[in-house]
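Coordinates as given in structure37.tsv (TSV, C-alpha atoms):
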```tsv
chain	number	residue	atom	x	y	z
W	1042	MET	CA	-10.08	24.91	-4.63
W	1043	SER	CA	-6.72	24.09	-6.12
W	1044	ALA	CA	-6.19	25.63	-9.54
W	1045	ILE	CA	-3.93	24.57	-12.40
W	1046	PRO	CA	-3.22	27.48	-14.75
W	1047	MET	CA	-4.59	26.72	-18.20
W	1048	LYS	CA	-5.35	28.78	-21.25
W	1049	GLY	CA	-8.79	30.26	-20.69
W	1050	GLY	CA	-8.80	29.92	-16.90
W	1051	PRO	CA	-7.76	27.70	-13.99
W	1052	LEU	CA	-8.90	24.14	-13.48
W	1053	ARG	CA	-10.59	23.19	-10.22
W	1054	VAL	CA	-8.90	20.20	-8.60
W	1055	ALA	CA	-9.88	17.87	-5.73
W	1056	LEU	CA	-8.15	14.89	-4.15
W	1057	ALA	CA	-9.83	11.74	-2.82
W	1058	HIS	CA	-8.60	8.89	-0.60
W	1059	ASP	CA	-10.42	5.92	0.97
W	1060	TRP	CA	-9.75	6.81	4.62
W	1061	LEU	CA	-7.32	8.74	6.78
W	1062	THR	CA	-6.58	6.59	9.83
W	1063	GLY	CA	-2.79	6.14	9.70
W	1064	MET	CA	0.34	6.57	7.61
W	1065	ARG	CA	1.03	3.62	5.33
W	1066	GLY	CA	2.12	3.14	1.73
W	1067	GLY	CA	-1.07	4.61	0.31
W	1068	GLU	CA	-0.67	7.74	2.37
W	1069	ALA	CA	2.89	8.13	1.06
W	1070	VAL	CA	1.40	8.50	-2.42
W	1071	LEU	CA	-1.25	10.87	-1.11
W	1072	GLU	CA	1.44	13.06	0.48
W	1073	ARG	CA	3.15	13.56	-2.88
W	1074	LEU	CA	-0.17	14.52	-4.46
W	1075	CYS	CA	-0.89	16.93	-1.62
W	1076	ALA	CA	2.46	18.58	-2.27
W	1077	ARG	CA	1.62	18.88	-5.97
W	1078	PHE	CA	-1.86	20.32	-5.28
W	1079	PRO	CA	-1.40	22.29	-2.04
W	1080	ASP	CA	-4.82	23.96	-2.12
W	1081	ALA	CA	-6.96	21.02	-3.27
W	1082	PRO	CA	-9.64	19.84	-0.82
W	1083	LEU	CA	-9.44	16.19	0.18
W	1084	TYR	CA	-12.50	13.92	0.18
W	1085	THR	CA	-12.49	10.71	2.21
W	1086	MET	CA	-14.87	8.28	3.90
W	1087	PHE	CA	-13.28	8.49	7.38
W	1088	HIS	CA	-10.81	10.81	9.06
W	1089	LEU	CA	-9.20	10.18	12.44
W	1090	PRO	CA	-7.67	13.60	13.25
W	1091	GLY	CA	-3.95	13.49	13.95
W	1092	SER	CA	-3.46	10.06	12.37
W	1093	VAL	CA	-1.75	11.27	9.20
W	1094	SER	CA	1.11	13.63	8.42
W	1095	PRO	CA	0.85	17.42	8.88
W	1096	LEU	CA	1.06	17.87	5.11
W	1097	ILE	CA	-2.21	15.93	4.76
W	1098	GLU	CA	-3.87	17.15	7.97
W	1099	ARG	CA	-3.62	20.84	7.24
W	1100	ARG	CA	-5.77	20.86	4.13
W	1101	SER	CA	-9.57	21.03	3.91
W	1102	ILE	CA	-10.73	17.46	4.62
W	1103	ARG	CA	-14.32	16.55	3.76
W	1104	THR	CA	-15.72	13.27	5.03
W	1105	SER	CA	-18.64	10.98	4.22
W	1106	LEU	CA	-21.81	10.52	6.22
W	1107	LEU	CA	-20.35	7.34	7.74
W	1108	ASP	CA	-17.72	9.43	9.53
W	1109	ARG	CA	-20.49	10.79	11.75
W	1110	ILE	CA	-21.34	7.37	13.20
W	1111	PRO	CA	-19.96	7.05	16.76
W	1112	GLY	CA	-16.87	4.84	16.75
W	1113	ALA	CA	-16.69	4.67	12.95
W	1114	ARG	CA	-13.18	6.12	12.76
W	1115	ARG	CA	-11.84	3.20	14.79
W	1116	HIS	CA	-14.10	0.47	13.40
W	1117	TYR	CA	-14.45	1.55	9.78
W	1118	ARG	CA	-13.68	-1.95	8.43
W	1119	GLU	CA	-16.89	-3.23	9.99
W	1120	LEU	CA	-18.88	-0.76	7.85
W	1121	LEU	CA	-17.72	-2.36	4.58
W	1122	PRO	CA	-21.27	-3.04	3.27
W	1123	LEU	CA	-22.03	0.69	3.54
W	1124	TYR	CA	-19.00	1.90	1.55
W	1125	PRO	CA	-20.97	2.21	-1.72
W	1126	VAL	CA	-23.54	4.43	-0.03
W	1127	ALA	CA	-20.82	6.63	1.49
W	1128	VAL	CA	-18.89	7.06	-1.76
W	1129	GLU	CA	-21.97	7.68	-3.89
W	1130	ARG	CA	-22.97	10.54	-1.56
W	1131	LEU	CA	-19.65	12.37	-1.89
W	1132	ASP	CA	-20.24	15.20	-4.36
W	1133	LEU	CA	-17.22	15.99	-6.56
W	1134	THR	CA	-19.18	17.20	-9.57
W	1135	ALA	CA	-17.93	20.80	-9.14
W	1136	TYR	CA	-14.34	19.89	-10.07
W	1137	ASP	CA	-12.63	19.67	-13.42
W	1138	LEU	CA	-9.94	17.25	-12.25
W	1139	VAL	CA	-10.19	14.66	-9.48
W	1140	VAL	CA	-7.06	12.74	-8.44
W	1141	SER	CA	-7.78	9.78	-6.17
W	1142	THR	CA	-5.77	7.03	-4.49
W	1143	SER	CA	-7.81	3.89	-3.94
W	1144	HIS	CA	-7.54	0.40	-2.50
W	1145	ALA	CA	-11.20	0.08	-1.53
W	1146	ALA	CA	-14.09	2.17	-2.83
W	1147	ILE	CA	-13.09	5.81	-3.42
W	1148	LYS	CA	-12.37	5.15	-7.10
W	1149	ALA	CA	-16.15	5.20	-7.59
W	1150	VAL	CA	-16.70	8.88	-6.74
W	1151	ARG	CA	-18.91	10.70	-9.22
W	1152	ILE	CA	-17.48	13.55	-11.29
W	1153	GLY	CA	-19.12	16.15	-13.45
W	1154	PRO	CA	-19.67	16.00	-17.23
W	1155	GLY	CA	-16.45	16.64	-19.13
W	1156	ALA	CA	-14.28	16.28	-16.01
W	1157	GLU	CA	-11.26	14.00	-15.66
W	1158	HIS	CA	-10.61	11.51	-12.86
W	1159	LEU	CA	-7.13	10.04	-12.52
W	1160	CYS	CA	-7.22	7.17	-10.04
W	1161	TYR	CA	-4.02	5.73	-8.57
W	1162	VAL	CA	-5.02	2.16	-7.72
W	1163	HIS	CA	-3.18	0.26	-5.01
W	1164	THR	CA	-5.48	-2.70	-5.67
W	1165	PRO	CA	-9.09	-3.52	-6.41
W	1166	MET	CA	-10.73	-4.46	-3.09
W	1167	ARG	CA	-8.63	-7.50	-2.17
W	1168	TYR	CA	-11.11	-8.78	0.43
W	1169	ILE	CA	-13.89	-9.28	-2.14
W	1170	TYR	CA	-11.63	-11.00	-4.67
W	1171	GLU	CA	-8.62	-13.30	-4.18
W	1172	GLN	CA	-7.99	-12.66	-0.48
W	1173	PHE	CA	-11.51	-13.08	0.89
W	1174	ASP	CA	-10.50	-16.04	3.09
W	1175	ASP	CA	-7.50	-14.15	4.48
W	1176	TYR	CA	-9.94	-11.69	6.03
W	1177	PHE	CA	-13.11	-13.71	6.60
W	1178	GLY	CA	-12.05	-17.37	6.66
W	1179	THR	CA	-12.27	-19.73	9.64
W	1180	GLY	CA	-10.13	-18.38	12.45
W	1181	ARG	CA	-9.97	-14.92	10.88
W	1182	ALA	CA	-13.45	-13.67	11.74
W	1183	SER	CA	-16.38	-14.69	13.93
W	1184	LEU	CA	-19.14	-16.82	12.44
W	1185	PRO	CA	-21.65	-13.91	12.23
W	1186	VAL	CA	-19.06	-11.72	10.49
W	1187	ARG	CA	-18.14	-14.52	8.07
W	1188	LEU	CA	-21.80	-15.14	7.20
W	1189	ALA	CA	-22.47	-11.43	6.70
W	1190	ALA	CA	-19.36	-10.99	4.55
W	1191	THR	CA	-20.27	-14.01	2.43
W	1192	ALA	CA	-23.76	-12.62	1.89
W	1193	VAL	CA	-22.64	-9.11	0.92
W	1194	ARG	CA	-19.63	-10.15	-1.19
W	1195	PRO	CA	-21.55	-10.68	-4.50
W	1196	LEU	CA	-23.26	-7.29	-4.11
W	1197	LEU	CA	-19.98	-5.50	-3.46
W	1198	ARG	CA	-18.30	-7.21	-6.41
W	1199	ALA	CA	-21.16	-6.21	-8.70
W	1200	TRP	CA	-20.96	-2.59	-7.52
W	1201	ASP	CA	-17.16	-2.57	-7.78
W	1202	LEU	CA	-17.30	-3.75	-11.39
W	1203	ALA	CA	-20.16	-1.41	-12.31
W	1204	THR	CA	-18.21	1.62	-11.05
W	1205	ALA	CA	-14.81	0.60	-12.44
W	1206	ARG	CA	-15.45	2.71	-15.57
W	1207	ARG	CA	-15.89	5.96	-13.66
W	1208	PRO	CA	-12.22	6.98	-13.54
W	1209	THR	CA	-11.10	8.31	-16.90
W	1210	GLU	CA	-7.48	7.28	-16.27
W	1211	LEU	CA	-6.16	4.39	-14.17
W	1212	VAL	CA	-2.68	4.12	-12.69
W	1213	ALA	CA	-1.50	0.90	-11.03
W	1214	ASN	CA	1.20	0.81	-8.37
W	1215	SER	CA	2.81	-2.30	-9.94
W	1216	ARG	CA	2.55	-4.62	-12.91
W	1217	HIS	CA	0.98	-7.12	-10.52
W	1218	VAL	CA	-1.87	-4.73	-9.75
W	1219	ALA	CA	-2.22	-3.74	-13.41
W	1220	ALA	CA	-2.84	-7.43	-14.19
W	1221	ARG	CA	-5.42	-7.62	-11.39
W	1222	ILE	CA	-7.17	-4.50	-12.76
W	1223	SER	CA	-7.29	-6.11	-16.19
W	1224	ARG	CA	-8.60	-9.39	-14.77
W	1225	HIS	CA	-11.34	-7.93	-12.56
W	1226	TRP	CA	-12.26	-4.68	-14.30
W	1227	GLY	CA	-11.31	-5.36	-17.91
W	1228	ARG	CA	-9.30	-2.13	-18.12
W	1229	ALA	CA	-5.71	-1.17	-18.86
W	1230	ALA	CA	-3.66	0.84	-16.38
W	1231	THR	CA	-0.42	2.78	-16.57
W	1232	VAL	CA	2.16	1.48	-14.08
W	1233	ILE	CA	3.85	4.08	-11.87
W	1234	TYR	CA	5.61	2.70	-8.81
W	1235	PRO	CA	4.86	4.52	-5.54
W	1236	PRO	CA	7.42	6.89	-4.00
W	1237	VAL	CA	9.86	5.58	-1.42
W	1238	HIS	CA	11.71	8.12	0.72
W	1239	LEU	CA	15.12	6.58	0.17
W	1240	GLU	CA	16.93	9.49	1.82
W	1241	ARG	CA	15.77	8.15	5.20
W	1242	PHE	CA	17.77	4.94	4.80
W	1243	ALA	CA	21.45	4.11	4.47
W	1244	PRO	CA	23.64	1.05	5.13
W	1245	ASP	CA	25.78	0.68	8.23
W	1246	PRO	CA	29.01	-1.20	7.43
W	1247	HIS	CA	29.58	-1.83	11.13
W	1248	SER	CA	26.18	-3.35	11.89
W	1249	ALA	CA	26.12	-6.72	13.69
W	1250	ARG	CA	23.12	-7.95	11.62
W	1251	GLY	CA	21.88	-9.91	14.61
W	1252	TYR	CA	18.21	-10.67	13.82
W	1253	TYR	CA	15.65	-11.23	11.08
W	1254	LEU	CA	13.08	-8.48	10.73
W	1255	VAL	CA	9.41	-8.23	9.78
W	1256	VAL	CA	7.95	-4.75	9.26
W	1257	GLY	CA	4.35	-3.83	8.58
W	1258	ALA	CA	0.75	-3.65	9.73
W	1259	HIS	CA	-0.49	-6.80	11.44
W	1260	ALA	CA	-3.12	-7.56	8.82
W	1261	PRO	CA	-4.15	-11.08	7.74
W	1262	TYR	CA	-2.73	-10.92	4.22
W	1263	LYS	CA	0.73	-9.96	5.54
W	1264	ARG	CA	1.11	-13.60	6.70
W	1265	ILE	CA	3.32	-12.77	9.66
W	1266	ASP	CA	2.04	-16.03	11.13
W	1267	LEU	CA	4.33	-17.88	8.71
W	1268	ALA	CA	7.39	-16.14	10.13
W	1269	LEU	CA	6.29	-17.00	13.66
W	1270	ALA	CA	5.77	-20.65	12.74
W	1271	ALA	CA	9.15	-20.89	10.99
W	1272	CYS	CA	11.35	-18.89	13.35
W	1273	GLY	CA	12.25	-21.90	15.51
W	1274	SER	CA	14.55	-23.05	12.71
W	1275	PHE	CA	16.11	-19.63	12.09
W	1276	ASP	CA	19.78	-19.05	12.93
W	1277	ARG	CA	18.86	-15.68	14.47
W	1278	PRO	CA	15.93	-14.32	16.52
W	1279	LEU	CA	12.92	-12.70	14.86
W	1280	TRP	CA	12.00	-9.07	15.52
W	1281	ILE	CA	8.60	-7.72	14.44
W	1282	ALA	CA	7.83	-4.00	14.06
W	1283	GLY	CA	4.26	-2.79	13.66
W	1284	GLU	CA	0.76	-3.22	15.07
W	1285	GLY	CA	-2.67	-3.97	13.68
W	1286	GLN	CA	-5.86	-5.98	13.79
W	1287	ASP	CA	-3.97	-9.29	14.11
W	1288	SER	CA	-1.57	-8.19	16.87
W	1289	ALA	CA	-3.22	-10.04	19.77
W	1290	ARG	CA	-3.50	-13.28	17.82
W	1291	LEU	CA	0.12	-13.11	16.67
W	1292	ARG	CA	1.47	-12.36	20.13
W	1293	ALA	CA	-0.47	-15.30	21.54
W	1294	THR	CA	1.28	-17.74	19.20
W	1295	ALA	CA	4.82	-16.32	19.37
W	1296	GLY	CA	7.73	-18.25	20.85
W	1297	GLU	CA	10.50	-16.99	23.09
W	1298	ARG	CA	12.80	-16.10	20.15
W	1299	VAL	CA	10.33	-13.48	18.90
W	1300	ARG	CA	10.47	-9.83	19.93
W	1301	PHE	CA	7.49	-7.54	19.23
W	1302	LEU	CA	8.53	-3.90	18.91
W	1303	GLY	CA	5.15	-2.26	18.30
W	1304	ARG	CA	4.95	0.91	16.25
W	1305	VAL	CA	8.31	2.56	15.62
W	1306	ASP	CA	9.17	6.04	14.35
W	1307	ASP	CA	11.15	6.73	11.18
W	1308	ALA	CA	14.51	6.96	12.94
W	1309	GLU	CA	14.03	3.69	14.79
W	1310	LEU	CA	12.81	1.96	11.63
W	1311	ALA	CA	15.96	3.01	9.77
W	1312	ARG	CA	18.07	1.66	12.64
W	1313	LEU	CA	16.18	-1.64	12.62
W	1314	TYR	CA	16.73	-2.13	8.89
W	1315	ARG	CA	20.47	-1.45	9.29
W	1316	GLY	CA	20.76	-4.02	12.05
W	1317	ALA	CA	18.86	-6.85	10.36
W	1318	ALA	CA	20.43	-9.81	8.58
W	1319	ALA	CA	17.44	-9.79	6.23
W	1320	LEU	CA	13.89	-8.51	5.96
W	1321	ILE	CA	11.33	-11.32	5.91
W	1322	PHE	CA	8.42	-10.49	3.62
W	1323	PRO	CA	6.00	-13.45	3.76
W	1324	GLY	CA	2.82	-11.94	2.28
W	1325	GLU	CA	1.67	-11.36	-1.28
W	1326	GLU	CA	1.70	-7.59	-1.59
W	1327	ASP	CA	0.43	-5.31	-4.31
W	1328	PHE	CA	3.76	-3.45	-4.28
W	1329	GLY	CA	5.39	-3.46	-0.87
W	1330	ILE	CA	7.50	-0.50	0.23
W	1331	THR	CA	9.37	-2.27	3.03
W	1332	PRO	CA	11.54	-4.43	0.70
W	1333	VAL	CA	12.71	-1.27	-1.05
W	1334	GLU	CA	13.46	0.45	2.27
W	1335	ALA	CA	15.40	-2.62	3.42
W	1336	GLN	CA	17.50	-2.72	0.26
W	1337	ALA	CA	18.23	1.01	0.58
W	1338	SER	CA	19.59	0.13	4.03
W	1339	GLY	CA	21.86	-2.55	2.58
W	1340	THR	CA	19.61	-5.35	3.87
W	1341	PRO	CA	18.59	-8.29	1.63
W	1342	VAL	CA	15.01	-9.59	1.46
W	1343	ILE	CA	13.53	-13.06	1.92
W	1344	ALA	CA	10.16	-12.85	0.18
W	1345	PHE	CA	7.23	-14.91	-1.01
W	1346	GLY	CA	7.70	-15.12	-4.76
W	1347	ARG	CA	4.48	-13.51	-5.87
W	1348	GLY	CA	3.08	-10.01	-6.17
W	1349	GLY	CA	5.03	-6.79	-6.07
W	1350	ALA	CA	8.14	-8.37	-4.56
W	1351	LEU	CA	8.94	-9.87	-7.96
W	1352	GLU	CA	9.27	-6.29	-9.27
W	1353	THR	CA	11.34	-4.84	-6.43
W	1354	VAL	CA	13.64	-7.72	-5.43
W	1355	ARG	CA	16.20	-9.55	-7.60
W	1356	GLY	CA	16.37	-13.28	-6.84
W	1357	LEU	CA	19.34	-15.62	-6.78
W	1358	ASP	CA	18.99	-16.29	-10.53
W	1359	ASP	CA	19.97	-12.66	-11.17
W	1360	ALA	CA	23.61	-11.67	-11.66
W	1361	ARG	CA	23.17	-9.03	-8.92
W	1362	PRO	CA	20.74	-10.61	-6.44
W	1363	THR	CA	19.12	-8.66	-3.63
W	1364	GLY	CA	17.06	-11.41	-2.05
W	1365	VAL	CA	15.75	-14.97	-1.91
W	1366	PHE	CA	12.24	-16.07	-2.93
W	1367	PHE	CA	10.19	-18.96	-1.60
W	1368	GLU	CA	7.56	-20.32	-3.97
W	1369	VAL	CA	5.00	-21.92	-1.62
W	1370	GLN	CA	3.38	-19.83	1.09
W	1371	THR	CA	4.12	-22.16	4.00
W	1372	ALA	CA	6.27	-21.96	7.12
W	1373	ALA	CA	8.40	-24.87	5.88
W	1374	ALA	CA	9.14	-23.14	2.57
W	1375	LEU	CA	10.03	-19.92	4.40
W	1376	ALA	CA	12.37	-21.81	6.73
W	1377	ASP	CA	14.08	-23.40	3.71
W	1378	ALA	CA	14.50	-19.94	2.15
W	1379	VAL	CA	16.11	-18.59	5.31
W	1380	ARG	CA	18.58	-21.48	5.32
W	1381	LEU	CA	19.33	-20.86	1.64
W	1382	PHE	CA	19.86	-17.18	2.36
W	1383	ALA	CA	22.32	-17.97	5.14
W	1384	ALA	CA	24.25	-20.29	2.82
W	1385	ARG	CA	24.41	-17.70	0.00
W	1386	ALA	CA	24.89	-14.55	2.10
W	1387	ALA	CA	28.16	-13.70	0.34
W	1388	ARG	CA	26.29	-13.07	-2.93
W	1389	PHE	CA	24.50	-10.00	-1.60
W	1390	SER	CA	26.50	-6.81	-1.93
W	1391	VAL	CA	25.49	-3.53	-0.35
W	1392	GLU	CA	26.24	-1.75	-3.62
W	1393	ASN	CA	23.75	-3.89	-5.56
W	1394	LEU	CA	21.09	-3.55	-2.86
W	1395	VAL	CA	21.28	0.24	-2.77
W	1396	HIS	CA	21.42	0.50	-6.57
W	1397	ASN	CA	18.27	-1.60	-6.96
W	1398	ALA	CA	16.36	0.47	-4.41
W	1399	ALA	CA	17.25	3.71	-6.22
W	1400	ALA	CA	14.80	2.90	-9.03
W	1401	PHE	CA	11.87	3.57	-6.67
W	1402	SER	CA	12.67	7.08	-5.48
W	1403	ALA	CA	10.15	9.83	-4.75
W	1404	ALA	CA	11.76	11.97	-7.46
W	1405	ARG	CA	11.04	9.29	-10.05
W	1406	PHE	CA	7.40	9.11	-8.91
W	1407	ASP	CA	7.02	12.90	-9.11
W	1408	ARG	CA	8.43	12.93	-12.63
W	1409	GLU	CA	6.24	10.12	-13.95
W	1410	ILE	CA	2.98	11.18	-12.29
W	1411	GLY	CA	3.62	14.77	-13.39
W	1412	ALA	CA	3.99	13.73	-17.04
W	1413	LEU	CA	0.75	11.74	-16.88
W	1414	LEU	CA	-1.14	14.60	-15.23
W	1415	GLU	CA	0.01	16.92	-18.00
W	1416	ARG	CA	-1.49	14.57	-20.58
W	1417	VAL	CA	-4.73	14.26	-18.60
W	1418	THR	CA	-5.18	18.01	-18.15
W	1419	ALA	CA	-4.41	18.58	-21.83
W	1420	ARG	CA	-7.53	16.56	-22.65
W	1421	LEU	CA	-9.67	19.02	-20.76
W	1422	GLY	CA	-9.07	21.58	-23.47
W	1423	SER	CA	-8.24	25.23	-23.29
W	1424	GLY	CA	-11.68	26.65	-22.55
W	1425	ALA	CA	-12.32	28.62	-19.36
W	1426	ARG	CA	-13.67	26.69	-16.36
W	1427	ALA	CA	-16.24	28.92	-14.71
```

Output the structure of this file as structure tokens.
Amino acid sequence: MSAIPMKGGPLRVALAHDWLTGMRGGEAVLERLCARFPDAPLYTMFHLPGSVSPLIERRSIRTSLLDRIPGARRHYRELLPLYPVAVERLDLTAYDLVVSTSHAAIKAVRIGPGAEHLCYVHTPMRYIYEQFDDYFGTGRASLPVRLAATAVRPLLRAWDLATARRPTELVANSRHVAARISRHWGRAATVIYPPVHLERFAPDPHSARGYYLVVGAHAPYKRIDLALAACGSFDRPLWIAGEGQDSARLRATAGERVRFLGRVDDAELARLYRGAAALIFPGEEDFGITPVEAQASGTPVIAFGRGGALETVRGLDDARPTGVFFEVQTAAALADAVRLFAARAARFSVENLVHNAAAFSAARFDREIGALLERVTARLGSGARA
């Protein structure tokens, strides 16, 4: 068990995360917490070995009963109705401090009397609230899956609300998510932006900037379909990096000016950002790391004007703009935004882009989460923890 030195004895610490099946924005936060608590065991519903970074993989990882189901590590989304059972059966009552990162169900883990639970919330479960149709609407899921999801949705929402009081401290990854937490759970949350590894990215003054770029998992809410539908009117081709559950559907609808790159490593991603005229960010994201990475690379952003992008990108009404927003989530509105970007390209300076990205560094995250953890552990008192 990881121990924090305290007057009277060490505190026992555990980490918790929804699932370990790949490295995305949530896992970037988890990595920083793993570095802070190098000996803390990690509790999760599912673990696909080798899918996350060595820093995460090399600790003691303890999984739920669902992880034992054949095929569950690949098809964990289909087990959504069983998440409450899995989380309720994880026993974290032996720890004094639990630090979790949640976008699904792990925020509901049970802790012992007098313990503290700091939960870093990427979002309440989006697929049982505002974005249900993005996941289970017509054309997104088969009829049996849609019917099952519709039937279980009220039960999951009731459980989600009933367990929203379990964490003793909530942290939101953006003001947008803090507002969603307030709306759905009736609770306040401290906002601490996630860490972005800015040192991986830098501008290239000699880049040709020959394409528009989309980066991210091929998930329904990312709305990559809008970029595909609009790209016929773009002045440059569209390149798409990433894979995911929507990959086959997206590839089937893509035109000849679209290039799918699949998964790319860190070095290739940095090169892609440097070579892009702009990053296209058509979804409503809770935070969205890719716009920050793009700006750190000297690349402006064309984004849907809702969600976390409003906190990471400065629009054309700003004295130092770093991107262009479109207000309606349609292909036509995106195409208009791309044309506006091309007409105003001279307003975007590399200096302003890099400066704006600097506010979201990993060092800033470490400093802010560290200060909050100090306040949380102070509440535990100075008595020995046997």

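Comparing W:Met1086, W:Ala1399, W:Val1126, W:Ile1330 by their smallest distance to W:Arg1109, the closest is W:Met1086 (using only C-alpha atoms).
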
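Non-sequential neighbours of W:Gly1273 (distance at most 9 Å, separation of 6 or more positions within a chain, all atoms listed in the file) are W:Gly1296, W:Arg1298, W:Ala1376.
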
- Message: When you count only C-alpha atoms, which of these residues is closest to W:Val1193: W:Phe1345, W:Tyr1124, W:Phe1078, W:Phe1389?
- Response: W:Tyr1124

Show which residues sit within 10 Å of stretch 1167-1179 of chain W, as an mmCIF file with C-alpha atoms, in the coordinates of the input. Count only C-alpha atoms, and ignore same-chain residues fewer than 3 positions away.
```
data_model
loop_
_atom_site.group_PDB
_atom_site.id
_atom_site.type_symbol
_atom_site.label_atom_id
_atom_site.label_comp_id
_atom_site.auth_asym_id
_atom_site.auth_seq_id
_atom_site.Cartn_x
_atom_site.Cartn_y
_atom_site.Cartn_z
ATOM 1 C CA HIS W 1144 -7.540 0.400 -2.500
ATOM 2 C CA ALA W 1145 -11.200 0.080 -1.530
ATOM 3 C CA HIS W 1163 -3.180 0.260 -5.010
ATOM 4 C CA THR W 1164 -5.480 -2.700 -5.670
ATOM 5 C CA ALA W 1182 -13.450 -13.670 11.740
ATOM 6 C CA SER W 1183 -16.380 -14.690 13.930
ATOM 7 C CA LEU W 1184 -19.140 -16.820 12.440
ATOM 8 C CA VAL W 1186 -19.060 -11.720 10.490
ATOM 9 C CA ARG W 1187 -18.140 -14.520 8.070
ATOM 10 C CA LEU W 1188 -21.800 -15.140 7.200
ATOM 11 C CA ALA W 1189 -22.470 -11.430 6.700
ATOM 12 C CA ALA W 1190 -19.360 -10.990 4.550
ATOM 13 C CA THR W 1191 -20.270 -14.010 2.430
ATOM 14 C CA VAL W 1193 -22.640 -9.110 0.920
ATOM 15 C CA ARG W 1194 -19.630 -10.150 -1.190
ATOM 16 C CA PRO W 1195 -21.550 -10.680 -4.500
ATOM 17 C CA LEU W 1196 -23.260 -7.290 -4.110
ATOM 18 C CA LEU W 1197 -19.980 -5.500 -3.460
ATOM 19 C CA ARG W 1198 -18.300 -7.210 -6.410
ATOM 20 C CA ASP W 1201 -17.160 -2.570 -7.780
ATOM 21 C CA ARG W 1221 -5.420 -7.620 -11.390
ATOM 22 C CA HIS W 1225 -11.340 -7.930 -12.560
ATOM 23 C CA ALA W 1260 -3.120 -7.560 8.820
ATOM 24 C CA PRO W 1261 -4.150 -11.080 7.740
ATOM 25 C CA TYR W 1262 -2.730 -10.920 4.220
ATOM 26 C CA LYS W 1263 0.730 -9.960 5.540
ATOM 27 C CA ARG W 1264 1.110 -13.600 6.700
ATOM 28 C CA GLU W 1325 1.670 -11.360 -1.280
ATOM 29 C CA ASP W 1327 0.430 -5.310 -4.310
#
```

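Relative to atom CA of W:Pro1082, atom CA of W:Phe1401 is found at 27.6 Å.
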
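With all atoms listed in the file as the basis for measurement, W:Phe1275 is the residue among W:Phe1087, W:Phe1406, W:Phe1275, W:Phe1328 that approaches W:Ala1383 most closely.
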
- What gap, in Å, lies between atom CA of W:Arg1216 and atom CA of W:Val1093? 27.6 Å
